[in-house]
Amino acid sequence: MRAWSDSALEIISRCLQSKSREKCRLALRGLVVLSKDPSVAEGMRSLTQSLIGLLQDADGEGVALILSVFLNELQDRATLISSPTALQLAEVLQPLFDHDNGHVELLSICLFREVMELVMDKGKKPLKTHIHQSLLPLFFHCHNENQCVAEASRTTLLCAAKFLKKRHLKQLVKKEQPWRFSECLLSEDRSRAAEHLRRALPYLQNAQEPLRAAAIRFLGEPRARAPSLFCHSRIWARVHDRLCVPRGRQAPDEEAAGTPPAHL
């Protein structure tokens, strides 16, 4: 069985490098099956870098298959994630929180939680920046119309607050007090206030009404709690542009830059 698995992994590894999407997809389906077998764990780890690279180029089905492979590998929770791999995964996973495929959203959020829980001790400090960046997207997705995504977001947000040792935020998530969470995030994290504002902007044009409403309410939090936010006039001008431009059209700053509207 071991010899057969090694041979299969070798064939799959070659197929993953194919320019044919169909051949690559078939290889990924085979990996999903093999990744459930603990006896091939060592061989699977040799494909980690290839799979992370494919996450940025694969279509929705391919991304879902890759995420499933990683989640299967981590099921027994005996496998710790090295610091470099954890950082790479954290970086590529966050954009997937806003994927137009709900299954991809769910899997990426679940895998992000596994990364936080299974990263080696020496990798925790470097990971903190990515965890800070995930707080607001996870908060918004607690309002996702897909209840599975919403629940996964809440569980992962709780894990992130624990990881960052933000006890007050953790308690607010547990008590399901979302708007107090957003107020607390701004007041406790003033040095990242402008970053939080910029991160909230794309959600003003999200396809889901609950996420748009959450972003509008977040951007309208009382500024007495974070007076420094008034200084970011360019950001507020962009807020105005996005609120005034119908969804599906580009805001003026995006048209000038020639960039496509965000698909969130």
# chains A, B, ... in the order shown; residues from 1 in each chain; ligands from 1
>>> residues_around(residues="His196 (chain A)", least_positions_apart="6", cutoff="9 Å", atoms="only C-alpha atoms", output="ChimeraX atom specification")
/A:133,136,186
>>> write_last_selection(atoms="N, CA, C and O atoms", output="mmCIF file, in the first residue's frame")
data_model
loop_
_atom_site.group_PDB
_atom_site.id
_atom_site.type_symbol
_atom_site.label_atom_id
_atom_site.label_comp_id
_atom_site.auth_asym_id
_atom_site.auth_seq_id
_atom_site.Cartn_x
_atom_site.Cartn_y
_atom_site.Cartn_z
ATOM 1 N N GLN A 133 -4.768 41.558 10.911
ATOM 2 C CA GLN A 133 -5.424 41.925 9.655
ATOM 3 C C GLN A 133 -6.706 41.141 9.410
ATOM 4 O O GLN A 133 -7.581 41.593 8.674
ATOM 5 N N LEU A 136 -11.086 42.251 11.228
ATOM 6 C CA LEU A 136 -12.231 42.941 10.635
ATOM 7 C C LEU A 136 -12.946 42.099 9.575
ATOM 8 O O LEU A 136 -14.177 41.994 9.607
ATOM 9 N N LEU A 186 -11.782 49.448 17.528
ATOM 10 C CA LEU A 186 -11.265 50.779 17.201
ATOM 11 C C LEU A 186 -10.564 51.427 18.390
ATOM 12 O O LEU A 186 -9.517 52.049 18.246
#
>>> residues_around(residues="Phe140 (chain A)", least_positions_apart="3", cutoff="9 Å", atoms="only C-alpha atoms", output="PyMOL selection string")
chain A and resi 135-137+143-144+150+153+200+203+210-212+214-215
>>> residues_around(residues="Asp98 (chain A)", least_positions_apart="4", cutoff="12 Å", atoms="only C-alpha atoms", output="PDB file with all heavy atoms, in the first residue's frame")
ATOM      1  N   GLY A  60     -12.321  28.237  -8.760  1.00  0.00           N
ATOM      2  CA  GLY A  60     -13.019  28.001  -7.497  1.00  0.00           C
ATOM      3  C   GLY A  60     -12.995  26.544  -7.064  1.00  0.00           C
ATOM      4  O   GLY A  60     -12.720  26.231  -5.900  1.00  0.00           O
ATOM      5  N   VAL A  92      -2.105  33.897   1.872  1.00  0.00           N
ATOM      6  CA  VAL A  92      -2.937  33.546   0.716  1.00  0.00           C
ATOM      7  C   VAL A  92      -4.381  33.246   1.106  1.00  0.00           C
ATOM      8  O   VAL A  92      -5.284  33.334   0.264  1.00  0.00           O
ATOM      9  CB  VAL A  92      -2.355  32.341  -0.065  1.00  0.00           C
ATOM     10  CG1 VAL A  92      -0.990  32.686  -0.613  1.00  0.00           C
ATOM     11  CG2 VAL A  92      -2.291  31.080   0.783  1.00  0.00           C
ATOM     12  N   LEU A  93      -4.615  32.901   2.378  1.00  0.00           N
ATOM     13  CA  LEU A  93      -5.970  32.531   2.790  1.00  0.00           C
ATOM     14  C   LEU A  93      -6.885  33.739   2.962  1.00  0.00           C
ATOM     15  O   LEU A  93      -8.077  33.672   2.647  1.00  0.00           O
ATOM     16  CB  LEU A  93      -5.927  31.731   4.097  1.00  0.00           C
ATOM     17  CG  LEU A  93      -5.431  30.287   3.995  1.00  0.00           C
ATOM     18  CD1 LEU A  93      -5.303  29.657   5.380  1.00  0.00           C
ATOM     19  CD2 LEU A  93      -6.365  29.454   3.117  1.00  0.00           C
ATOM     20  N   GLN A  94      -6.357  34.852   3.477  1.00  0.00           N
ATOM     21  CA  GLN A  94      -7.237  35.977   3.788  1.00  0.00           C
ATOM     22  C   GLN A  94      -8.028  36.504   2.594  1.00  0.00           C
ATOM     23  O   GLN A  94      -9.224  36.782   2.726  1.00  0.00           O
ATOM     24  CB  GLN A  94      -6.445  37.097   4.460  1.00  0.00           C
ATOM     25  CG  GLN A  94      -6.071  36.758   5.895  1.00  0.00           C
ATOM     26  CD  GLN A  94      -5.597  37.959   6.678  1.00  0.00           C
ATOM     27  OE1 GLN A  94      -6.268  38.979   6.750  1.00  0.00           O
ATOM     28  NE2 GLN A  94      -4.418  37.840   7.267  1.00  0.00           N
ATOM     29  N   GLY A 102     -19.052  30.299  -1.908  1.00  0.00           N
ATOM     30  CA  GLY A 102     -19.267  30.182  -0.465  1.00  0.00           C
ATOM     31  C   GLY A 102     -18.511  29.019   0.166  1.00  0.00           C
ATOM     32  O   GLY A 102     -18.073  29.106   1.316  1.00  0.00           O
ATOM     33  N   HIS A 103     -18.340  27.929  -0.598  1.00  0.00           N
ATOM     34  CA  HIS A 103     -17.616  26.770  -0.058  1.00  0.00           C
ATOM     35  C   HIS A 103     -16.147  27.123   0.154  1.00  0.00           C
ATOM     36  O   HIS A 103     -15.535  26.714   1.157  1.00  0.00           O
ATOM     37  CB  HIS A 103     -17.752  25.583  -1.004  1.00  0.00           C
ATOM     38  CG  HIS A 103     -17.232  24.291  -0.461  1.00  0.00           C
ATOM     39  ND1 HIS A 103     -17.571  23.800   0.785  1.00  0.00           N
ATOM     40  CD2 HIS A 103     -16.361  23.371  -0.992  1.00  0.00           C
ATOM     41  CE1 HIS A 103     -16.958  22.649   1.005  1.00  0.00           C
ATOM     42  NE2 HIS A 103     -16.211  22.373  -0.054  1.00  0.00           N
ATOM     43  N   VAL A 104     -15.584  27.891  -0.773  1.00  0.00           N
ATOM     44  CA  VAL A 104     -14.192  28.338  -0.641  1.00  0.00           C
ATOM     45  C   VAL A 104     -14.055  29.262   0.568  1.00  0.00           C
ATOM     46  O   VAL A 104     -13.086  29.163   1.334  1.00  0.00           O
ATOM     47  CB  VAL A 104     -13.716  29.051  -1.925  1.00  0.00           C
ATOM     48  CG1 VAL A 104     -12.369  29.754  -1.692  1.00  0.00           C
ATOM     49  CG2 VAL A 104     -13.597  28.061  -3.075  1.00  0.00           C
ATOM     50  N   GLU A 105     -15.027  30.144   0.750  1.00  0.00           N
ATOM     51  CA  GLU A 105     -15.017  31.031   1.928  1.00  0.00           C
ATOM     52  C   GLU A 105     -14.948  30.202   3.210  1.00  0.00           C
ATOM     53  O   GLU A 105     -14.123  30.454   4.098  1.00  0.00           O
ATOM     54  CB  GLU A 105     -16.288  31.888   1.962  1.00  0.00           C
ATOM     55  CG  GLU A 105     -16.322  33.026   0.979  1.00  0.00           C
ATOM     56  CD  GLU A 105     -17.579  33.863   1.126  1.00  0.00           C
ATOM     57  OE1 GLU A 105     -18.635  33.303   1.479  1.00  0.00           O
ATOM     58  OE2 GLU A 105     -17.517  35.080   0.883  1.00  0.00           O
ATOM     59  N   LEU A 106     -15.825  29.218   3.293  1.00  0.00           N
ATOM     60  CA  LEU A 106     -15.906  28.378   4.497  1.00  0.00           C
ATOM     61  C   LEU A 106     -14.597  27.628   4.749  1.00  0.00           C
ATOM     62  O   LEU A 106     -14.060  27.653   5.864  1.00  0.00           O
ATOM     63  CB  LEU A 106     -17.061  27.392   4.343  1.00  0.00           C
ATOM     64  CG  LEU A 106     -17.237  26.358   5.463  1.00  0.00           C
ATOM     65  CD1 LEU A 106     -17.531  27.052   6.796  1.00  0.00           C
ATOM     66  CD2 LEU A 106     -18.358  25.379   5.117  1.00  0.00           C
ATOM     67  N   LEU A 107     -14.076  26.980   3.711  1.00  0.00           N
ATOM     68  CA  LEU A 107     -12.854  26.193   3.875  1.00  0.00           C
ATOM     69  C   LEU A 107     -11.654  27.067   4.229  1.00  0.00           C
ATOM     70  O   LEU A 107     -10.818  26.689   5.057  1.00  0.00           O
ATOM     71  CB  LEU A 107     -12.567  25.407   2.593  1.00  0.00           C
ATOM     72  CG  LEU A 107     -13.567  24.304   2.227  1.00  0.00           C
ATOM     73  CD1 LEU A 107     -13.193  23.682   0.880  1.00  0.00           C
ATOM     74  CD2 LEU A 107     -13.612  23.220   3.302  1.00  0.00           C
ATOM     75  N   SER A 108     -11.561  28.247   3.608  1.00  0.00           N
ATOM     76  CA  SER A 108     -10.411  29.127   3.875  1.00  0.00           C
ATOM     77  C   SER A 108     -10.433  29.637   5.309  1.00  0.00           C
ATOM     78  O   SER A 108      -9.388  29.732   5.968  1.00  0.00           O
ATOM     79  CB  SER A 108     -10.392  30.302   2.887  1.00  0.00           C
ATOM     80  OG  SER A 108     -11.539  31.120   3.023  1.00  0.00           O
ATOM     81  N   ILE A 109     -11.618  29.957   5.812  1.00  0.00           N
ATOM     82  CA  ILE A 109     -11.742  30.435   7.193  1.00  0.00           C
ATOM     83  C   ILE A 109     -11.411  29.313   8.177  1.00  0.00           C
ATOM     84  O   ILE A 109     -10.721  29.525   9.175  1.00  0.00           O
ATOM     85  CB  ILE A 109     -13.154  31.006   7.430  1.00  0.00           C
ATOM     86  CG1 ILE A 109     -13.328  32.317   6.655  1.00  0.00           C
ATOM     87  CG2 ILE A 109     -13.420  31.238   8.919  1.00  0.00           C
ATOM     88  CD1 ILE A 109     -14.751  32.836   6.598  1.00  0.00           C
ATOM     89  N   SER A 134      -6.822  39.982  10.038  1.00  0.00           N
ATOM     90  CA  SER A 134      -7.995  39.126   9.812  1.00  0.00           C
ATOM     91  C   SER A 134      -9.200  39.517  10.659  1.00  0.00           C
ATOM     92  O   SER A 134     -10.326  39.103  10.366  1.00  0.00           O
ATOM     93  CB  SER A 134      -7.644  37.663  10.109  1.00  0.00           C
ATOM     94  OG  SER A 134      -7.563  37.424  11.508  1.00  0.00           O
ATOM     95  N   PRO A 137     -12.216  41.465   8.630  1.00  0.00           N
ATOM     96  CA  PRO A 137     -12.918  40.583   7.682  1.00  0.00           C
ATOM     97  C   PRO A 137     -13.713  39.473   8.375  1.00  0.00           C
ATOM     98  O   PRO A 137     -14.841  39.175   7.979  1.00  0.00           O
ATOM     99  CB  PRO A 137     -11.776  40.007   6.836  1.00  0.00           C
ATOM    100  CG  PRO A 137     -10.716  41.043   6.887  1.00  0.00           C
ATOM    101  CD  PRO A 137     -10.782  41.600   8.278  1.00  0.00           C
ATOM    102  N   LEU A 138     -13.128  38.878   9.408  1.00  0.00           N
ATOM    103  CA  LEU A 138     -13.851  37.828  10.140  1.00  0.00           C
ATOM    104  C   LEU A 138     -15.088  38.393  10.822  1.00  0.00           C
ATOM    105  O   LEU A 138     -16.155  37.760  10.847  1.00  0.00           O
ATOM    106  CB  LEU A 138     -12.929  37.172  11.167  1.00  0.00           C
ATOM    107  CG  LEU A 138     -11.818  36.274  10.604  1.00  0.00           C
ATOM    108  CD1 LEU A 138     -10.852  35.853  11.704  1.00  0.00           C
ATOM    109  CD2 LEU A 138     -12.408  35.042   9.914  1.00  0.00           C
ATOM    110  N   PHE A 140     -16.876  40.978   9.825  1.00  0.00           N
ATOM    111  CA  PHE A 140     -17.905  41.200   8.806  1.00  0.00           C
ATOM    112  C   PHE A 140     -18.564  39.882   8.390  1.00  0.00           C
ATOM    113  O   PHE A 140     -19.776  39.813   8.197  1.00  0.00           O
ATOM    114  CB  PHE A 140     -17.305  41.894   7.583  1.00  0.00           C
ATOM    115  CG  PHE A 140     -17.002  43.356   7.801  1.00  0.00           C
ATOM    116  CD1 PHE A 140     -15.898  43.956   7.219  1.00  0.00           C
ATOM    117  CD2 PHE A 140     -17.818  44.140   8.593  1.00  0.00           C
ATOM    118  CE1 PHE A 140     -15.618  45.294   7.406  1.00  0.00           C
ATOM    119  CE2 PHE A 140     -17.553  45.487   8.802  1.00  0.00           C
ATOM    120  CZ  PHE A 140     -16.442  46.068   8.202  1.00  0.00           C
ATOM    121  N   HIS A 141     -17.768  38.830   8.259  1.00  0.00           N
ATOM    122  CA  HIS A 141     -18.334  37.557   7.802  1.00  0.00           C
ATOM    123  C   HIS A 141     -19.144  36.841   8.881  1.00  0.00           C
ATOM    124  O   HIS A 141     -19.805  35.846   8.587  1.00  0.00           O
ATOM    125  CB  HIS A 141     -17.236  36.652   7.242  1.00  0.00           C
ATOM    126  CG  HIS A 141     -16.866  37.002   5.841  1.00  0.00           C
ATOM    127  ND1 HIS A 141     -17.687  36.741   4.764  1.00  0.00           N
ATOM    128  CD2 HIS A 141     -15.776  37.655   5.336  1.00  0.00           C
ATOM    129  CE1 HIS A 141     -17.120  37.186   3.664  1.00  0.00           C
ATOM    130  NE2 HIS A 141     -15.964  37.747   3.986  1.00  0.00           N
ATOM    131  N   ASN A 144     -22.447  36.914   7.463  1.00  0.00           N
ATOM    132  CA  ASN A 144     -22.630  36.276   6.170  1.00  0.00           C
ATOM    133  C   ASN A 144     -23.990  35.580   6.090  1.00  0.00           C
ATOM    134  O   ASN A 144     -24.460  34.998   7.070  1.00  0.00           O
ATOM    135  CB  ASN A 144     -21.499  35.260   5.940  1.00  0.00           C
ATOM    136  CG  ASN A 144     -21.333  34.883   4.484  1.00  0.00           C
ATOM    137  OD1 ASN A 144     -22.198  34.241   3.894  1.00  0.00           O
ATOM    138  ND2 ASN A 144     -20.203  35.268   3.910  1.00  0.00           N
ATOM    139  N   VAL A 149     -20.749  29.708   7.004  1.00  0.00           N
ATOM    140  CA  VAL A 149     -19.649  30.670   6.932  1.00  0.00           C
ATOM    141  C   VAL A 149     -19.695  31.609   8.136  1.00  0.00           C
ATOM    142  O   VAL A 149     -18.667  31.916   8.741  1.00  0.00           O
ATOM    143  CB  VAL A 149     -19.707  31.484   5.622  1.00  0.00           C
ATOM    144  CG1 VAL A 149     -18.647  32.605   5.632  1.00  0.00           C
ATOM    145  CG2 VAL A 149     -19.494  30.577   4.417  1.00  0.00           C
ATOM    146  N   SER A 153     -16.812  31.878  10.905  1.00  0.00           N
ATOM    147  CA  SER A 153     -16.177  33.183  11.112  1.00  0.00           C
ATOM    148  C   SER A 153     -16.173  33.547  12.585  1.00  0.00           C
ATOM    149  O   SER A 153     -15.171  34.046  13.118  1.00  0.00           O
ATOM    150  CB  SER A 153     -16.910  34.264  10.317  1.00  0.00           C
ATOM    151  OG  SER A 153     -16.858  33.991   8.931  1.00  0.00           O
ATOM    152  N   ARG A 199      -9.532  48.601   5.133  1.00  0.00           N
ATOM    153  CA  ARG A 199      -9.956  47.205   4.999  1.00  0.00           C
ATOM    154  C   ARG A 199     -11.486  47.094   4.916  1.00  0.00           C
ATOM    155  O   ARG A 199     -12.020  46.139   4.354  1.00  0.00           O
ATOM    156  CB  ARG A 199      -9.422  46.394   6.191  1.00  0.00           C
ATOM    157  CG  ARG A 199      -9.196  44.931   5.893  1.00  0.00           C
ATOM    158  CD  ARG A 199      -8.435  44.262   7.011  1.00  0.00           C
ATOM    159  NE  ARG A 199      -7.074  44.737   7.080  1.00  0.00           N
ATOM    160  CZ  ARG A 199      -6.098  44.327   6.291  1.00  0.00           C
ATOM    161  NH1 ARG A 199      -6.331  43.417   5.372  1.00  0.00           N
ATOM    162  NH2 ARG A 199      -4.877  44.800   6.420  1.00  0.00           N
ATOM    163  N   PRO A 202     -13.894  47.917   0.815  1.00  0.00           N
ATOM    164  CA  PRO A 202     -14.459  47.034  -0.217  1.00  0.00           C
ATOM    165  C   PRO A 202     -15.793  46.410   0.169  1.00  0.00           C
ATOM    166  O   PRO A 202     -16.601  46.073  -0.704  1.00  0.00           O
ATOM    167  CB  PRO A 202     -13.368  45.943  -0.372  1.00  0.00           C
ATOM    168  CG  PRO A 202     -12.112  46.588   0.109  1.00  0.00           C
ATOM    169  CD  PRO A 202     -12.538  47.487   1.221  1.00  0.00           C
ATOM    170  N   TYR A 203     -16.039  46.269   1.474  1.00  0.00           N
ATOM    171  CA  TYR A 203     -17.284  45.640   1.922  1.00  0.00           C
ATOM    172  C   TYR A 203     -18.498  46.534   1.682  1.00  0.00           C
ATOM    173  O   TYR A 203     -19.633  46.069   1.749  1.00  0.00           O
ATOM    174  CB  TYR A 203     -17.179  45.254   3.397  1.00  0.00           C
ATOM    175  CG  TYR A 203     -16.228  44.113   3.629  1.00  0.00           C
ATOM    176  CD1 TYR A 203     -14.884  44.347   3.905  1.00  0.00           C
ATOM    177  CD2 TYR A 203     -16.652  42.791   3.525  1.00  0.00           C
ATOM    178  CE1 TYR A 203     -13.991  43.296   4.087  1.00  0.00           C
ATOM    179  CE2 TYR A 203     -15.771  41.730   3.711  1.00  0.00           C
ATOM    180  CZ  TYR A 203     -14.443  42.001   3.984  1.00  0.00           C
ATOM    181  OH  TYR A 203     -13.561  40.968   4.156  1.00  0.00           O
ATOM    182  N   GLN A 205     -19.319  47.542  -1.089  1.00  0.00           N
ATOM    183  CA  GLN A 205     -19.868  47.093  -2.367  1.00  0.00           C
ATOM    184  C   GLN A 205     -19.988  45.570  -2.431  1.00  0.00           C
ATOM    185  O   GLN A 205     -20.059  44.991  -3.503  1.00  0.00           O
ATOM    186  CB  GLN A 205     -18.976  47.601  -3.508  1.00  0.00           C
ATOM    187  CG  GLN A 205     -19.014  49.120  -3.651  1.00  0.00           C
ATOM    188  CD  GLN A 205     -18.163  49.606  -4.804  1.00  0.00           C
ATOM    189  OE1 GLN A 205     -16.957  49.374  -4.835  1.00  0.00           O
ATOM    190  NE2 GLN A 205     -18.772  50.270  -5.753  1.00  0.00           N
ATOM    191  N   ASN A 206     -20.018  44.935  -1.266  1.00  0.00           N
ATOM    192  CA  ASN A 206     -20.159  43.487  -1.228  1.00  0.00           C
ATOM    193  C   ASN A 206     -21.511  43.070  -1.789  1.00  0.00           C
ATOM    194  O   ASN A 206     -22.496  43.800  -1.672  1.00  0.00           O
ATOM    195  CB  ASN A 206     -20.007  42.986   0.218  1.00  0.00           C
ATOM    196  CG  ASN A 206     -19.841  41.486   0.300  1.00  0.00           C
ATOM    197  OD1 ASN A 206     -20.815  40.744   0.285  1.00  0.00           O
ATOM    198  ND2 ASN A 206     -18.607  41.034   0.381  1.00  0.00           N
ATOM    199  N   ALA A 207     -21.558  41.897  -2.387  1.00  0.00           N
ATOM    200  CA  ALA A 207     -22.812  41.416  -2.977  1.00  0.00           C
ATOM    201  C   ALA A 207     -23.885  41.143  -1.928  1.00  0.00           C
ATOM    202  O   ALA A 207     -25.080  41.186  -2.235  1.00  0.00           O
ATOM    203  CB  ALA A 207     -22.541  40.146  -3.783  1.00  0.00           C
ATOM    204  N   GLN A 208     -23.471  40.897  -0.683  1.00  0.00           N
ATOM    205  CA  GLN A 208     -24.437  40.566   0.370  1.00  0.00           C
ATOM    206  C   GLN A 208     -24.826  41.819   1.158  1.00  0.00           C
ATOM    207  O   GLN A 208     -23.960  42.523   1.683  1.00  0.00           O
ATOM    208  CB  GLN A 208     -23.851  39.527   1.330  1.00  0.00           C
ATOM    209  CG  GLN A 208     -23.623  38.163   0.717  1.00  0.00           C
ATOM    210  CD  GLN A 208     -23.273  37.126   1.762  1.00  0.00           C
ATOM    211  OE1 GLN A 208     -23.629  37.242   2.929  1.00  0.00           O
ATOM    212  NE2 GLN A 208     -22.559  36.102   1.350  1.00  0.00           N
ATOM    213  N   LEU A 211     -23.451  42.217   4.843  1.00  0.00           N
ATOM    214  CA  LEU A 211     -22.054  42.621   4.944  1.00  0.00           C
ATOM    215  C   LEU A 211     -21.886  44.099   4.616  1.00  0.00           C
ATOM    216  O   LEU A 211     -21.084  44.801   5.252  1.00  0.00           O
ATOM    217  CB  LEU A 211     -21.170  41.762   4.034  1.00  0.00           C
ATOM    218  CG  LEU A 211     -20.613  40.483   4.687  1.00  0.00           C
ATOM    219  CD1 LEU A 211     -21.729  39.476   4.931  1.00  0.00           C
ATOM    220  CD2 LEU A 211     -19.514  39.864   3.841  1.00  0.00           C
ATOM    221  N   ALA A 262     -13.833  45.426  -7.056  1.00  0.00           N
ATOM    222  CA  ALA A 262     -13.589  44.236  -6.232  1.00  0.00           C
ATOM    223  C   ALA A 262     -14.759  43.292  -6.317  1.00  0.00           C
ATOM    224  O   ALA A 262     -15.906  43.708  -6.304  1.00  0.00           O
ATOM    225  CB  ALA A 262     -13.343  44.662  -4.771  1.00  0.00           C
ATOM    226  N   HIS A 263     -14.468  42.008  -6.428  1.00  0.00           N
ATOM    227  CA  HIS A 263     -15.529  40.988  -6.431  1.00  0.00           C
ATOM    228  C   HIS A 263     -15.576  40.385  -5.045  1.00  0.00           C
ATOM    229  O   HIS A 263     -14.838  39.477  -4.717  1.00  0.00           O
ATOM    230  CB  HIS A 263     -15.229  39.925  -7.480  1.00  0.00           C
ATOM    231  CG  HIS A 263     -15.224  40.467  -8.878  1.00  0.00           C
ATOM    232  ND1 HIS A 263     -16.363  40.818  -9.550  1.00  0.00           N
ATOM    233  CD2 HIS A 263     -14.194  40.735  -9.710  1.00  0.00           C
ATOM    234  CE1 HIS A 263     -16.063  41.274 -10.746  1.00  0.00           C
ATOM    235  NE2 HIS A 263     -14.745  41.234 -10.881  1.00  0.00           N
ATOM    236  N   LEU A 264     -16.412  40.955  -4.189  1.00  0.00           N
ATOM    237  CA  LEU A 264     -16.425  40.527  -2.801  1.00  0.00           C
ATOM    238  C   LEU A 264     -17.766  39.952  -2.413  1.00  0.00           C
ATOM    239  O   LEU A 264     -18.779  40.313  -2.980  1.00  0.00           O
ATOM    240  CB  LEU A 264     -16.107  41.711  -1.881  1.00  0.00           C
ATOM    241  CG  LEU A 264     -14.716  42.318  -2.126  1.00  0.00           C
ATOM    242  CD1 LEU A 264     -14.556  43.588  -1.340  1.00  0.00           C
ATOM    243  CD2 LEU A 264     -13.640  41.341  -1.725  1.00  0.00           C
TER     244      LEU A 264
END
>>> select_by_dssp(residues="region 75-212 of chain A", states="alpha helix (DSSP H)", output="ChimeraX atom specification")
/A:83-93,102-118,124-141,147-163,167-174,178-188,193-200,209-212
>>> residues_around(residues="His130 (chain A)", least_positions_apart="5", cutoff="9 Å", atoms="only C-alpha atoms", output="PyMOL selection string")
chain A and resi 87+90-91+94
>>> residues_around(residues="region 75-80 of chain A", least_positions_apart="6", cutoff="9 Å", atoms="only C-alpha atoms", output="list in words")
Lys36, Pro38, Glu114, Val115, Glu117, Leu118, Val119 and Met120 of chain A
>>> residues_around(residues="Met44 (chain A)", least_positions_apart="4", cutoff="9 Å", atoms="only C-alpha atoms", output="list in words")
Leu9, Leu31, Leu34, Ser35, Val40, Thr48 and Glu73 of chain A
>>> decode(residues="region 103-145 of chain A", atoms="C-alpha atoms", output="PDB file, in the first residue's frame")
ATOM      1  CA  HIS A 103     -17.616  26.770  -0.058  1.00  0.00           C
ATOM      2  CA  VAL A 104     -14.192  28.338  -0.641  1.00  0.00           C
ATOM      3  CA  GLU A 105     -15.017  31.031   1.928  1.00  0.00           C
ATOM      4  CA  LEU A 106     -15.906  28.378   4.497  1.00  0.00           C
ATOM      5  CA  LEU A 107     -12.854  26.193   3.875  1.00  0.00           C
ATOM      6  CA  SER A 108     -10.411  29.127   3.875  1.00  0.00           C
ATOM      7  CA  ILE A 109     -11.742  30.435   7.193  1.00  0.00           C
ATOM      8  CA  CYS A 110     -11.576  26.953   8.751  1.00  0.00           C
ATOM      9  CA  LEU A 111      -8.011  26.428   7.509  1.00  0.00           C
ATOM     10  CA  PHE A 112      -6.980  29.853   8.816  1.00  0.00           C
ATOM     11  CA  ARG A 113      -8.188  28.767  12.257  1.00  0.00           C
ATOM     12  CA  GLU A 114      -6.158  25.546  11.998  1.00  0.00           C
ATOM     13  CA  VAL A 115      -3.065  27.587  11.112  1.00  0.00           C
ATOM     14  CA  MET A 116      -3.488  29.664  14.272  1.00  0.00           C
ATOM     15  CA  GLU A 117      -3.993  26.610  16.461  1.00  0.00           C
ATOM     16  CA  LEU A 118      -1.247  24.393  14.997  1.00  0.00           C
ATOM     17  CA  VAL A 119       1.595  26.796  14.172  1.00  0.00           C
ATOM     18  CA  MET A 120       4.832  25.979  15.992  1.00  0.00           C
ATOM     19  CA  ASP A 121       5.572  28.181  19.011  1.00  0.00           C
ATOM     20  CA  LYS A 122       8.393  30.062  17.296  1.00  0.00           C
ATOM     21  CA  GLY A 123       6.036  30.948  14.453  1.00  0.00           C
ATOM     22  CA  LYS A 124       3.381  32.618  16.631  1.00  0.00           C
ATOM     23  CA  LYS A 125       4.976  36.045  16.919  1.00  0.00           C
ATOM     24  CA  PRO A 126       5.554  36.527  13.145  1.00  0.00           C
ATOM     25  CA  LEU A 127       1.962  35.414  12.534  1.00  0.00           C
ATOM     26  CA  LYS A 128       0.445  38.164  14.696  1.00  0.00           C
ATOM     27  CA  THR A 129       0.409  40.764  11.915  1.00  0.00           C
ATOM     28  CA  HIS A 130      -1.742  38.514   9.738  1.00  0.00           C
ATOM     29  CA  ILE A 131      -4.043  37.730  12.657  1.00  0.00           C
ATOM     30  CA  HIS A 132      -4.554  41.451  13.326  1.00  0.00           C
ATOM     31  CA  GLN A 133      -5.424  41.925   9.655  1.00  0.00           C
ATOM     32  CA  SER A 134      -7.995  39.126   9.812  1.00  0.00           C
ATOM     33  CA  LEU A 135     -10.065  40.580  12.675  1.00  0.00           C
ATOM     34  CA  LEU A 136     -12.231  42.941  10.635  1.00  0.00           C
ATOM     35  CA  PRO A 137     -12.918  40.583   7.682  1.00  0.00           C
ATOM     36  CA  LEU A 138     -13.851  37.828  10.140  1.00  0.00           C
ATOM     37  CA  PHE A 139     -16.103  40.261  12.018  1.00  0.00           C
ATOM     38  CA  PHE A 140     -17.905  41.200   8.806  1.00  0.00           C
ATOM     39  CA  HIS A 141     -18.334  37.557   7.802  1.00  0.00           C
ATOM     40  CA  CYS A 142     -20.054  36.840  11.109  1.00  0.00           C
ATOM     41  CA  HIS A 143     -22.959  38.512   9.229  1.00  0.00           C
ATOM     42  CA  ASN A 144     -22.630  36.276   6.170  1.00  0.00           C
ATOM     43  CA  GLU A 145     -25.929  35.016   4.733  1.00  0.00           C
TER      44      GLU A 145
END
